[in-house]
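J.: So that we are looking at the same thing, I have put the structure below in structure tokens.
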Amino acid sequence: MSSTDRKGFVFTGWHMLAVMCLFFGTIISVNFYMAWQATHTWSGLVVKNTYIASQEFNGKVAEAKALAATGVVGALTIEDTEVSYRISHAQDGAVEADDVTLRFKRPVGEDQDFELALRREGEGVFVARHAVAGGTWIVEAEALRDGKRILHDTQRISVAGEAK
């Protein structure tokens with residue numbers, strides 16, 4: 001029996017066309033999906049006006065250095081729905097403030113971002129009730145006394161639980 005008499009599978013040009021369509025169809029589909037995710041899950045907006053942001057940069061750096069030199073620090077605690085922020089100084093202990101605000105931001109996306117105005121609960125302790133979804137957050141804390149900023153701190157935290 002010669003090799004031409006066998007009735008086995010024969011790979012034809014149509015098979016090659018199907019393989020090529022499946023291969024490139026998969027690549028193109030994944031690229032479209034990734035492009036859709038990139039454009040619909042994050043605005044891409046970092047600052048509204050880059051020129052103004054660049055002009056304000058040196059002033060913000062100087063303010064951050066001056067605030068760091070004061071030695072005032074904050075500690076964030078999240079337990080269930082209670083968000084607590086303690087402001088203190090290494091030598092002087094608890095630090096009082098008139099207003100304490102926490103801004104919770106997702107590293108990517110803006111739809112879950114929120115801001116909390118905390119109320120004074122004790123000496124240097126400020127609290128608010130708010131459910132914080134699980135996952136990674138960037139928390140920006142700001143404390144004011146007599147209308148002047150006495151603390152500005154930003155930290156990345158991870159909250160246990162399911163991310164929404």
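The way I read the labels, and the way they are meant: chains A, B, ... in the order of the structure tokens, residue 1 as the first residue of every chain, and ligand 1 as the first ligand shown, with later ones counted on from there.
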Write down as a PyMOL selection string the residues belonging to stretch 65-163 of chain A that are assigned strand (DSSP E) by DSSP computed on the backbone.

T.: chain A and resi 72-79+82-89+93-94+99-105+114-122+125-129+135-145+148-159

J.: Need to verify the contact set: A:Glu82, 7 Å, only C-alpha atoms, exclusion of same-chain residues closer than 6 positions in sequence. Can you return it as number ranges by chain?

T.: A: 127-130

J.: Quick one: of A:Ala53, A:Val132, A:Leu22, A:Ile28, who's nearest to A:Phe104, counting only C-alpha atoms?

T.: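 Going through A:Ala53, A:Val132, A:Leu22, A:Ile28 one by one, the smallest distance to A:Phe104 is for A:Val132.
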
J.: What lies within 6 Å of A:Arg106 using only C-alpha atoms, ignoring chain neighbours under 2 positions off, as a list in words?

T.: Val108, Gly109 and Trp137 of chain A

J.: With only C-alpha atoms as the atoms that count, which of A:Met34, A:Glu140, A:Val95, A:His89 lies nearest to A:Asp113?

T.: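 Result for the nearest residue to A:Asp113: A:Glu140.
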
J.: Residues near stretch 65-73 of chain A, anyone? I mean within 9 Å using only C-alpha atoms, not counting same-chain ones fewer than 5 positions away, as a PyMOL selection string.

T.: chain A and resi 60+86-91+95+149-153

J.: State, in Å with one decimal place, the distance from atom CA of A:Gly124 to atom CA of A:Thr101.

T.: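 For atom CA of A:Gly124 relative to atom CA of A:Thr101, the distance reads 13.5 Å.
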
J.: Given only C-alpha atoms as the basis, pick out the residue of A:Leu118, A:Asp98, A:Asn49, A:Pro107 nearest to A:Gly147.

T.: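 Closest candidate: A:Asp98.
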
J.: Would you please give, as a PyMOL selection string, all residues of chain A that DSSP assigns to helix (DSSP H, G or I) based on the backbone?

T.: chain A and resi 13-40+50-70
